[in-house]
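Scroll down for the structure; my scribbles are underneath it.
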Amino acid sequence: MIQASSRGSWPQAIQRRVAGFGRRAKNAIAPLVPLKLLIDSKQPGPLILFVHGIGKDKPFINSLYDSHSPESFVSMLDQLLRHMKPLEDLSLESIRNARSDQFIATFDDGLRSAYEYAAPVLEQRGIPAIFFINPGFFDDTNHFYRFEAGLLAHKIRALSHDQLAKLRHRLSAVVPDSVPMDQYVLSIKYVDRALLTQVADGLQVEMKAILEAEKPFMSVQQVKDLQARGFYLGAHSIDHPRFTDISEDEQVRQAVVSTREMVAKFSLPYRYFAFPFGSAGVKESFFNMTRDDIDVFFTTSGWKRPDIGGQVFHREALDAVGEPIRYLQRMLLLS
Ligand SMILES: [Zn+2]
């Protein structure tokens, strides 16, 4: 028996090693293969990149993801422009007919830093873009639970040992002993977001006042200004739940209501929607139920051809990518 099982495991182990070697070899040679050659051979469709905010100074974002500084954002765009052309017309028909050597810039969450830093840079370089907005966050009236979690994690990490022990004692009914407090806060799901208020009370942090003073989101007026300057707008759900954490009915409500609100508020002649956190947890029936309200969906699976009859476009995250060409060479070679 032992002999048979060890004989049987050899091919798999070898296969894994060969696959690992293949990945390492491809990673090593990726910078040597011109991006144009990879695009011509793979024909992945237009590169649809997405970025959130610009700037690393906000305590509520630092714990969640890396983001570009204004300088690294400019450098990333300029490197990209040397190899690819921006798609100039972002109408639905034009997006559907875009070539693989064209790119579309998109920005998620409607962050004020994208309005302040990204929009002028895009204009200077003649790059159109789509901004995906959560209407629930307009004018900082309803707070993003992930930003609350990020802010609280930041505050918790600054506590002394004694302060942390006191906080644990205060929240002993809520937070398991085995879990570091900052990790616990960052793991709180959308449906349990009321717990964030309990932690904030325990920490004596005025989350509402801090977020209202920081104003992380664009105002309606700023979004109108983007529109007047020729940028496109889309919806990004009402208040950014992770779709794996909510029912299908709620997924449909979040997508349809936010899209209708964006269309009505800005008189949009098109209906674009980008999934918050991507489309994991979404079934085919979701598309059947939202088809009458949404023209096209954007998700986060990388640089690849659109799915579902050209209705779902995939996007590549470039928030933390300083060398986009090397990154894209590797992505395409490994795909
Ligand atoms: Zn988002």
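Going by the structure tokens order, chains are called A, B, ..., each with residues numbered from 1, while ligands are numbered from 1 in the order shown.
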
For ligand 1, return the neighbouring residues as an MDAnalysis selection string (distance at most 12 Å; only C-alpha atoms and all ligand atoms).
chainID A and resid 50:53 64:65 106:111 131:134 137 144:147 217 234:243 273:279 298:300 317 319

List as a PyMOL selection string the protein and nucleic acid residues near Val223 in chain A, meaning an atom at most 10 Å away when only C-alpha atoms are counted, but skip any in the same chain fewer than 3 places from it.
chain A and resi 110+112+115+131+133+138+218-220+226-229+231-233+266

Using N, CA, C and O atoms, can you write the selected residues to a file as a CSV table (one decimal), in the first residue's frame?
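For reference, selection-v8.csv as written:
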chain,number,residue,atom,x,y,z
A,110,GLY,N,-15.6,57.0,-5.0
A,110,GLY,CA,-15.9,58.4,-5.0
A,110,GLY,C,-15.1,59.2,-4.0
A,110,GLY,O,-15.6,60.0,-3.3
A,112,ARG,N,-12.6,61.8,-2.3
A,112,ARG,CA,-12.2,63.2,-2.5
A,112,ARG,C,-10.8,63.4,-3.1
A,112,ARG,O,-10.5,64.2,-3.9
A,115,TYR,N,-10.7,63.2,-6.7
A,115,TYR,CA,-11.2,64.4,-7.3
A,115,TYR,C,-10.1,65.5,-7.3
A,115,TYR,O,-9.8,66.1,-8.3
A,131,PHE,N,-15.8,57.4,-12.9
A,131,PHE,CA,-15.8,57.4,-11.4
A,131,PHE,C,-17.0,56.7,-10.9
A,131,PHE,O,-18.1,57.0,-11.2
A,133,ILE,N,-19.4,55.7,-8.0
A,133,ILE,CA,-19.7,56.4,-6.7
A,133,ILE,C,-20.7,55.6,-5.9
A,133,ILE,O,-21.6,54.9,-6.5
A,138,PHE,N,-22.6,60.2,-0.2
A,138,PHE,CA,-22.6,61.6,-0.6
A,138,PHE,C,-22.5,62.6,0.6
A,138,PHE,O,-23.3,62.4,1.5
A,218,MET,N,-16.4,62.5,-2.1
A,218,MET,CA,-16.7,63.7,-2.9
A,218,MET,C,-18.1,64.2,-2.5
A,218,MET,O,-19.0,63.3,-2.1
A,219,SER,N,-18.4,65.4,-2.6
A,219,SER,CA,-19.7,66.0,-2.5
A,219,SER,C,-20.5,65.8,-3.8
A,219,SER,O,-19.8,65.6,-4.9
A,220,VAL,N,-21.8,66.0,-3.8
A,220,VAL,CA,-22.6,66.0,-5.0
A,220,VAL,C,-22.0,67.0,-6.0
A,220,VAL,O,-21.9,66.8,-7.2
A,226,LEU,N,-17.0,67.0,-12.0
A,226,LEU,CA,-16.4,66.0,-12.8
A,226,LEU,C,-17.1,65.7,-14.1
A,226,LEU,O,-16.6,65.6,-15.2
A,227,GLN,N,-18.5,65.6,-13.9
A,227,GLN,CA,-19.3,65.4,-15.1
A,227,GLN,C,-19.2,66.5,-16.1
A,227,GLN,O,-19.1,66.3,-17.3
A,228,ALA,N,-19.2,67.7,-15.6
A,228,ALA,CA,-19.2,68.9,-16.5
A,228,ALA,C,-17.8,68.9,-17.2
A,228,ALA,O,-17.7,69.5,-18.3
A,229,ARG,N,-16.8,68.4,-16.6
A,229,ARG,CA,-15.4,68.3,-17.2
A,229,ARG,C,-15.3,67.2,-18.2
A,229,ARG,O,-14.2,66.9,-18.7
A,231,PHE,N,-15.9,63.8,-17.5
A,231,PHE,CA,-15.7,62.4,-17.0
A,231,PHE,C,-17.0,61.7,-16.9
A,231,PHE,O,-18.1,62.3,-16.8
A,232,TYR,N,-16.9,60.4,-17.0
A,232,TYR,CA,-18.1,59.5,-16.9
A,232,TYR,C,-18.3,59.1,-15.4
A,232,TYR,O,-17.4,59.1,-14.6
A,233,LEU,N,-19.6,58.7,-15.1
A,233,LEU,CA,-20.0,58.3,-13.8
A,233,LEU,C,-20.6,57.0,-13.8
A,233,LEU,O,-21.3,56.6,-14.8
A,266,PHE,N,-27.8,62.7,-11.9
A,266,PHE,CA,-26.9,63.3,-12.9
A,266,PHE,C,-27.4,63.2,-14.3
A,266,PHE,O,-26.6,63.4,-15.2

Rounded to one decimal place, report the CA of Phe313 in chain A-CA of Val33 in chain A distance in Å.
25.7 Å

If I take CA of Lys56 in chain A and CA of Gly230 in chain A, how far is one from the other in Å, to one decimal?
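We find that CA of Lys56 in chain A and CA of Gly230 in chain A lie 27.3 Å from each other.
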
All helix (DSSP H, G or I) residues (DSSP, backbone) inside range 151-320 of chain A, as a ChimeraX atom specification:
/A:151-157,161-170,181-187,190-192,194-203,207-214,220-228,243-245,248-266,284-290

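Nearest to Gln221 in chain A of all the residues A:Arg291, A:His143, A:Lys265, A:His161 is A:Lys265, counting only C-alpha atoms.
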
With distances taken over only C-alpha atoms, which residue among A:Asp192, A:Asp139, A:Asp201, A:Glu212 lies nearest Leu171 in chain A?
A:Asp201

Excluding Leu318 in chain A and residues on its chain fewer than 5 positions from it, collect all residues at most 10 Å away from it, counting only C-alpha atoms, and give them as number ranges by chain.
A: 48-52, 66-68, 73, 76, 105, 323-324, 327-328

Those residues you just picked out, can you put them in a file as a PDB file, in the first residue's frame with C-alpha atoms?
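Okay, part-v7.pdb is ready:
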ATOM      1  CA  ILE A  48      -9.558  48.567 -17.549  1.00  0.00           C
ATOM      2  CA  LEU A  49      -7.557  49.723 -14.563  1.00  0.00           C
ATOM      3  CA  PHE A  50      -8.986  50.784 -11.240  1.00  0.00           C
ATOM      4  CA  VAL A  51      -7.622  52.906  -8.456  1.00  0.00           C
ATOM      5  CA  HIS A  52      -9.220  54.207  -5.231  1.00  0.00           C
ATOM      6  CA  ASP A  66      -1.815  50.577  -0.249  1.00  0.00           C
ATOM      7  CA  SER A  67      -2.472  53.607  -2.398  1.00  0.00           C
ATOM      8  CA  HIS A  68      -0.489  55.861  -4.710  1.00  0.00           C
ATOM      9  CA  PHE A  73       0.207  58.053  -9.484  1.00  0.00           C
ATOM     10  CA  MET A  76       2.305  55.106 -13.100  1.00  0.00           C
ATOM     11  CA  ALA A 105      -9.040  54.466 -16.209  1.00  0.00           C
ATOM     12  CA  GLU A 323       5.927  49.723 -12.285  1.00  0.00           C
ATOM     13  CA  PRO A 324       2.762  49.077 -14.304  1.00  0.00           C
ATOM     14  CA  TYR A 327       3.348  44.218 -13.660  1.00  0.00           C
ATOM     15  CA  LEU A 328       1.190  43.913 -16.797  1.00  0.00           C
TER      16      LEU A 328
END
